[in-house]
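Notes for the one structure printed next.
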Amino acid sequence: MSMLEVFHLKKYFATQKAVDDISFKLEQGTIFGLLGPNGAGKTTLIRMITGIFYPDEGNIMLNGKKFNPDNDAHRIGYMPEERGLYKKMKIGEQAIYLAQLKGLSRAEATASVKKWFQRFEMQSWWNKKIEDLSKGMAQKLQFVITVLHEPELIILDEPFSGLDPINANLIKDEIFRLAANGSSIIFSTHRMEQVEEICDHIILINKGQKILDGRISDVKQQFKENLFRITARPLPENLSNNFFDLLTQHDGILTLRIKEGHTPNEVLEYFIGGKSSISDFTELLPSLNEIFIKLVEGTSVSRQFQTIQS
Amino acid sequence: MKKIGLIVRREYITRVRNKTFLLSTFLLPIMIVLLISGTVALAIKGKTSHRVAVIDQNGYFKDYLKSDSTISFDFGPGIDSLNYTEKNCSAVLIIPLLNEGEKTIVRLKYKKQLGLANIDDLEKRISSAITDHLIFTKTNLTRARLDSIRDDADIAELKTFSDEGKNSRASSQGLSYGIGYACGFLIYLLTFIYGAAVMRGVMEEKTSRVAEVIVSSVKPFPLMLGKIIGIGAVGLTQFILWIGLIVLLAGVAQAFIPHELLTEVNNMQQTNAMTSASSVQSSEAARQIFEVKQSIANTNWLLIIGCFIYYFLGGYLFYASLFAAVGSVVNEDPQEAQSLLLPISMPIIFSFIIMSIAAQDPGGSLSVWASIIPFSSPIVMMARIPYGVPGSVPYWQLLLSMTFLAAGFLFTTWMAGKIYRTGILMYGKKPGWKTMWKWAWKKQ
């Protein structure tokens, strides 16, 4: 049974099919990347999962039961892309208040806030106000507030924007720790290198529709172009043959594409037969960035408005 | 429900703890007192006396028009309608030859306005001068005799009593008017102050983007409700503090009344009740204090305060959700709120205008209907209630008004809640009326 299952979710606005029939599954303890260009419908999808919007059609199941925004709010922690906290409220009090809104008792909330503030070395912030914090500090606080009530599902929209590398690592480690403890994490971002580093599983949506779904390693296999890099000296005299195309050549490092029906072994044999000594041979898998661009490119860069009849 | 409680608590505590709350609680009454006493003082002090030159072709007005502190008359000689300003007069009164039973125009030419009250006064003086003159010429009454008759005749004193079946209680129209006007004005003021506070609170949540964080824990409707209730509770607290403050100040004020005067007043209270206060030998000051005390004691404060709280809360709830809806649809720019606020503030301002009529004429049909329709009832009804229930305001009117108000605020809250729900998460262009109307009737 999956932690979160989404079936045929639809949400149409007056001028856009924001989410148009999206389904996916999220297993417990995984870190799930929700990718897509600007305006693809990520935020709308997240807002439906957090219970902020009602879907026009489709179902959301949480642990096999139909998601009920009124009772399941405490299971979800959501950090929106547009961060926001009360500017004039004291930080400790505010964190307790928001945790209480998630259903914790005052004592539980206080204990939890203290624990997290200690972990992130934020104890001295207790009586300060948000307006006293820098952007990065506010970001850290927002993350803590998102996870205070130990939600089963954590949704993070661009959690690293505006963070320096040290604090970004702190949060990253925390994300791994939470996942290892059984929380499931949905991670929405445009930064593909972070996705590759953090996520187990991704879906890519564009124009309200899901266009890619799978484990990162599978996705890379799916989009591989049989590219290999070989470092060999000296090179065989004749590099043109019928089982690979030479793409680039620079100082003994060659990039080549193996033709359909041939194997890397044949390539290696060819080089060995050419009296080359091989110091490196690697398969070049596409980066997520390349996959993203390949899939999204060609569709118009900005989403057009359309009229929806319903 | 538990979450609404949390929201109410936060809204209440953050506001009550705020310095501006304390400041406004204690400064507003002081400012109102200063304002009132200031205008009264100015009105008394600012009563300029006017000199009026008189050109009288009848020759007898000199004997009847007596100068006093407000108007002094100058009968010349050598005054004409051209040189009166040089003689320090602000106006000249030209009385042509008057023939009995024949309407004649008496003209007043002025360089400096005398003011409405003074003109009225002047007209009365002229007509009583003519009356006196005619009495003397047509009868053989002497002046002294006429004056003593006037003095002897000045013995009837009108007191008003509101009829409440078995017993009737003394009432003071002036006091009823004062209380009614003050209550209506206060509700008008508080509706605006606390309505605007709700709107600012909603805007703060929207612009600081905390709304999205909270809405993932609590539905928008309870969030709006919690805010409205919390701020309403702040208003109620402030009102109760004000009552306490007034009682305290009244106590302090009493301490400044000389002791002999107070015992005199107490004597009056004991001996009086049945016999008229003026029959007891007492000083003018004691009598005034006694009368004020008497009419304050005869006012049904419990009813007034109870109704005030109901109408304050009802009116506040009626309008607060509308203010919240406006706050939810505007973005950072407070200018945007202005145009949306107009349709909300217009009915409140209209109610205020009707209220000032109702405070003088509590039984008029405009007052009655405006005090039943929920748009204006909180402000207008409070102006009528001090005149007496069920005398001036029959029970059915009060009941109807209260029911309509409750139904009204349930309706506005329900409708505004739907606009709020959509608006709070919308950024970008401000929606038009048409869009908001659609939101209000949308199912989900």
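Residues in the structure tokens are named by chain (A, B, ... in the order shown) and by number from 1 within that chain; ligands are numbered from 1 in the order shown.
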Please, which residues in chain A fall within 6 Å of chain B when counting only C-alpha atoms, and what is the closest atom pair and distance in Å to one decimal for each, ordered by chain then residue number, as JSON lines?
{"residue": "A:Thr50", "atom": "CA", "partner": "B:Ser216", "partner_atom": "CA", "distance": 5.8}
{"residue": "A:Ile52", "atom": "CA", "partner": "B:Ser216", "partner_atom": "CA", "distance": 5.7}
{"residue": "A:Ala73", "atom": "CA", "partner": "B:Ser217", "partner_atom": "CA", "distance": 5.3}
{"residue": "A:Gly84", "atom": "CA", "partner": "B:Val210", "partner_atom": "CA", "distance": 4.0}
{"residue": "A:Leu85", "atom": "CA", "partner": "B:Val210", "partner_atom": "CA", "distance": 4.7}
{"residue": "A:Leu101", "atom": "CA", "partner": "B:Lys3", "partner_atom": "CA", "distance": 5.9}
{"residue": "A:Lys102", "atom": "CA", "partner": "B:Ser217", "partner_atom": "CA", "distance": 5.5}
Contacts of segment 237-239 of chain A within 10 Å, only C-alpha atoms, excl. fewer than 4 positions in-chain, as an mmCIF file with N, CA and C atoms, in the first residue's frame:
data_model
loop_
_atom_site.group_PDB
_atom_site.id
_atom_site.type_symbol
_atom_site.label_atom_id
_atom_site.label_comp_id
_atom_site.auth_asym_id
_atom_site.auth_seq_id
_atom_site.Cartn_x
_atom_site.Cartn_y
_atom_site.Cartn_z
ATOM 1 N N PHE A 244 30.259 1.997 -34.023
ATOM 2 C CA PHE A 244 30.029 3.243 -33.253
ATOM 3 C C PHE A 244 30.318 4.474 -34.091
ATOM 4 N N ASP A 245 29.686 5.607 -33.650
ATOM 5 C CA ASP A 245 29.976 6.915 -34.248
ATOM 6 C C ASP A 245 30.826 7.700 -33.279
ATOM 7 N N LEU A 246 31.863 8.312 -33.797
ATOM 8 C CA LEU A 246 32.685 9.164 -32.941
ATOM 9 C C LEU A 246 32.044 10.551 -32.890
ATOM 10 N N TYR A 270 37.529 -3.650 -29.993
ATOM 11 C CA TYR A 270 38.078 -2.910 -31.113
ATOM 12 C C TYR A 270 39.301 -2.108 -30.691
ATOM 13 N N PHE A 271 39.148 -1.450 -29.511
ATOM 14 C CA PHE A 271 40.258 -0.645 -29.023
ATOM 15 C C PHE A 271 41.435 -1.514 -28.608
ATOM 16 N N GLY A 274 43.207 -2.588 -31.437
ATOM 17 C CA GLY A 274 43.986 -1.510 -32.040
ATOM 18 C C GLY A 274 45.192 -1.148 -31.217
ATOM 19 N N LYS A 275 45.580 -2.013 -30.254
ATOM 20 C CA LYS A 275 46.769 -1.816 -29.406
ATOM 21 C C LYS A 275 46.648 -0.576 -28.506
ATOM 22 N N SER A 276 45.412 -0.154 -28.184
ATOM 23 C CA SER A 276 45.267 0.978 -27.268
ATOM 24 C C SER A 276 45.282 0.479 -25.843
#
Worksheet entry | Minimum-distance residue to Arg83 of chain A, chosen among A:Ser2, A:Gln142, A:Ser217, A:Gln16 (using only C-alpha atoms) |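 Counting only C-alpha atoms, the residue closest to Arg83 of chain A is A:Gln142.
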Discussion item. When DSSP is applied to the backbone of this structure, which of segment 49-213 of chain A are assigned helix (DSSP H, G or I)? Write them out as an NGL selection string.
Written reply: :A and (49 or 69-75 or 91-101 or 106-119 or 123-125 or 130-132 or 135-147 or 165-180 or 192-198)
Discussion item. Give me the residues near segment 174-179 of chain B as a list in words, where near means some atom within 6 Å (using only C-alpha atoms) and where sequence neighbours in that chain fewer than 3 positions away do not count.
Written reply: Ala182, Cys183, Ala359, Pro386 and Tyr387 of chain B
Worksheet entry | strand (DSSP E or B) residues, from DSSP on the backbone, in segment 116-225 of chain A, as a list of chain:residue names |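 Result set for segment 116-225 of chain A (strand (DSSP E or B)): A:Lys129, A:Leu153, A:Ile154, A:Ile155, A:Leu156, A:Asp157, A:Ser184, A:Ile185, A:Ile186, A:Phe187, A:Ser188, A:Thr189, A:His201, A:Ile202, A:Ile203, A:Leu204, A:Ile205, A:Asn206, A:Gln209, A:Lys210, A:Ile211, A:Leu212, A:Asp213, A:Gly214, A:Arg215.
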Worksheet entry | One-decimal distance in Å that lies between atom CA of Ile349 of chain B and atom CA of Leu190 of chain B |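 It comes out at 12.6 Å.
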Discussion item. I'd like the interatomic distance between atom CA of Arg215 of chain A and atom CA of Leu35 of chain A, to a tenth of an Å.
Written reply: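 Separation of atom CA of Arg215 of chain A and atom CA of Leu35 of chain A: 13.1 Å.
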Item to complete: Find, counting only C-alpha atoms, the residue in A:Leu235, A:Ile230, A:Leu45, A:Ile175 that gets nearest to Thr282 of chain A.
Response: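 Of all the options, A:Ile230 lies closest to Thr282 of chain A.
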Find the spatial neighbours of Gly252 of chain A, counting only C-alpha atoms, within a cut-off of 10 Å - ignore same-chain residues fewer than 6 positions away - and output them as a JSON list (two decimals) with N, CA and C atoms, in the first residue's frame.
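Okay, out12.json is ready:
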[["chain", "number", "residue", "atom", "x", "y", "z"],
["A", 230, "ILE", "N", 35.44, 7.15, -23.58],
["A", 230, "ILE", "CA", 36.58, 6.23, -23.46],
["A", 230, "ILE", "C", 37.87, 7.05, -23.47],
["A", 231, "THR", "N", 38.79, 6.71, -22.58],
["A", 231, "THR", "CA", 40.10, 7.34, -22.57],
["A", 231, "THR", "C", 41.12, 6.26, -22.92],
["A", 232, "ALA", "N", 41.77, 6.46, -24.03],
["A", 232, "ALA", "CA", 42.68, 5.40, -24.49],
["A", 232, "ALA", "C", 43.88, 6.01, -25.21],
["A", 233, "ARG", "N", 45.09, 5.41, -25.05],
["A", 233, "ARG", "CA", 46.32, 5.86, -25.74],
["A", 233, "ARG", "C", 47.18, 4.66, -26.09],
["A", 234, "PRO", "N", 47.75, 4.60, -27.18],
["A", 234, "PRO", "CA", 47.47, 5.45, -28.35],
["A", 234, "PRO", "C", 46.17, 5.02, -29.00],
["A", 235, "LEU", "N", 45.62, 5.84, -29.85],
["A", 235, "LEU", "CA", 44.35, 5.54, -30.48],
["A", 235, "LEU", "C", 44.59, 4.63, -31.69],
["A", 278, "ILE", "N", 43.53, 1.20, -22.44],
["A", 278, "ILE", "CA", 42.31, 1.91, -22.02],
["A", 278, "ILE", "C", 42.42, 2.26, -20.54]]
Worksheet entry | Closest of A:Ile216, A:Asn206, A:Asp280, A:Leu247 to Gly36 of chain A - atom-to-atom distances counting only C-alpha atoms |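 Between A:Ile216, A:Asn206, A:Asp280, A:Leu247, the residue approaching Gly36 of chain A most closely is A:Asn206.
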Fill in: Straight-line distance linking atom CA of Phe404 of chain B with atom CA of Ala320 of chain B, stated in Å to one decimal
16.6 Å
Worksheet item: Contacts of Val267 of chain A at 9 Å or less, counting only C-alpha atoms, minus same-chain residues fewer than 5 places along, as a list in words?
Response: Phe243, Phe244, Ile258, His262 and Ile272 of chain A
Would you export the selected residues with C-alpha atoms as an mmCIF file, in the first residue's frame, please?
data_model
loop_
_atom_site.group_PDB
_atom_site.id
_atom_site.type_symbol
_atom_site.label_atom_id
_atom_site.label_comp_id
_atom_site.auth_asym_id
_atom_site.auth_seq_id
_atom_site.Cartn_x
_atom_site.Cartn_y
_atom_site.Cartn_z
ATOM 1 C CA PHE A 243 29.558 -0.244 -34.637
ATOM 2 C CA PHE A 244 30.029 3.243 -33.253
ATOM 3 C CA ILE A 258 27.264 2.772 -29.973
ATOM 4 C CA HIS A 262 26.120 -3.501 -30.913
ATOM 5 C CA ILE A 272 42.175 -3.528 -27.500
#
Discussion item. When you look at Val147 of chain A with a cut-off of 12 Å (counting only C-alpha atoms), what residues show up, excluding the ones that are within fewer than 5 positions of it in the same chain? I need them as number ranges by chain.
Written reply: A: 74-79, 95, 98-99, 102, 109, 112-113, 115-117, 140-142, 152-156, 171, 174-175, 177-179, 183-185
Worksheet entry | Residue nearest Ile231 of chain B among B:Ser172, B:Ser351, B:Thr413, B:Thr191 (counting only C-alpha atoms) | B:Thr191
Discussion item. Give me the residues near Phe223 of chain A as JSON, numbers by chain, where near means some atom within 9 Å (using only C-alpha atoms) and where sequence neighbours in that chain fewer than 3 positions away do not count.
Written reply: {"A": [218, 219, 220, 285, 286, 291]}
Go ahead and save the residues from that selection, with N, CA and C atoms, as a short mmCIF file (atom, residue, chain, number, x, y, z; two decimals), in the first residue's frame.
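Produced file result_24.cif, reproduced below:
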data_model
loop_
_atom_site.label_atom_id
_atom_site.label_comp_id
_atom_site.auth_asym_id
_atom_site.auth_seq_id
_atom_site.Cartn_x
_atom_site.Cartn_y
_atom_site.Cartn_z
N ASP A 218 15.89 4.53 -13.43
CA ASP A 218 15.12 4.01 -14.55
C ASP A 218 14.92 5.07 -15.62
N VAL A 219 14.63 6.28 -15.14
CA VAL A 219 14.39 7.37 -16.09
C VAL A 219 15.64 7.60 -16.93
N LYS A 220 16.79 7.53 -16.26
CA LYS A 220 18.04 7.78 -16.98
C LYS A 220 18.28 6.68 -18.01
N LEU A 285 25.22 8.64 -18.98
CA LEU A 285 23.76 8.71 -18.85
C LEU A 285 23.36 10.18 -18.92
N PRO A 286 22.18 10.46 -19.45
CA PRO A 286 21.77 11.85 -19.54
C PRO A 286 21.51 12.42 -18.15
N ILE A 291 17.23 15.69 -19.72
CA ILE A 291 15.94 15.04 -19.95
C ILE A 291 14.82 16.06 -19.86
#
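Remark: for Leu186 of chain B, the closest of the candidate residues B:Phe75, B:Phe26, B:Phe312, B:Phe290 is B:Phe312 (distances computed over only C-alpha atoms).
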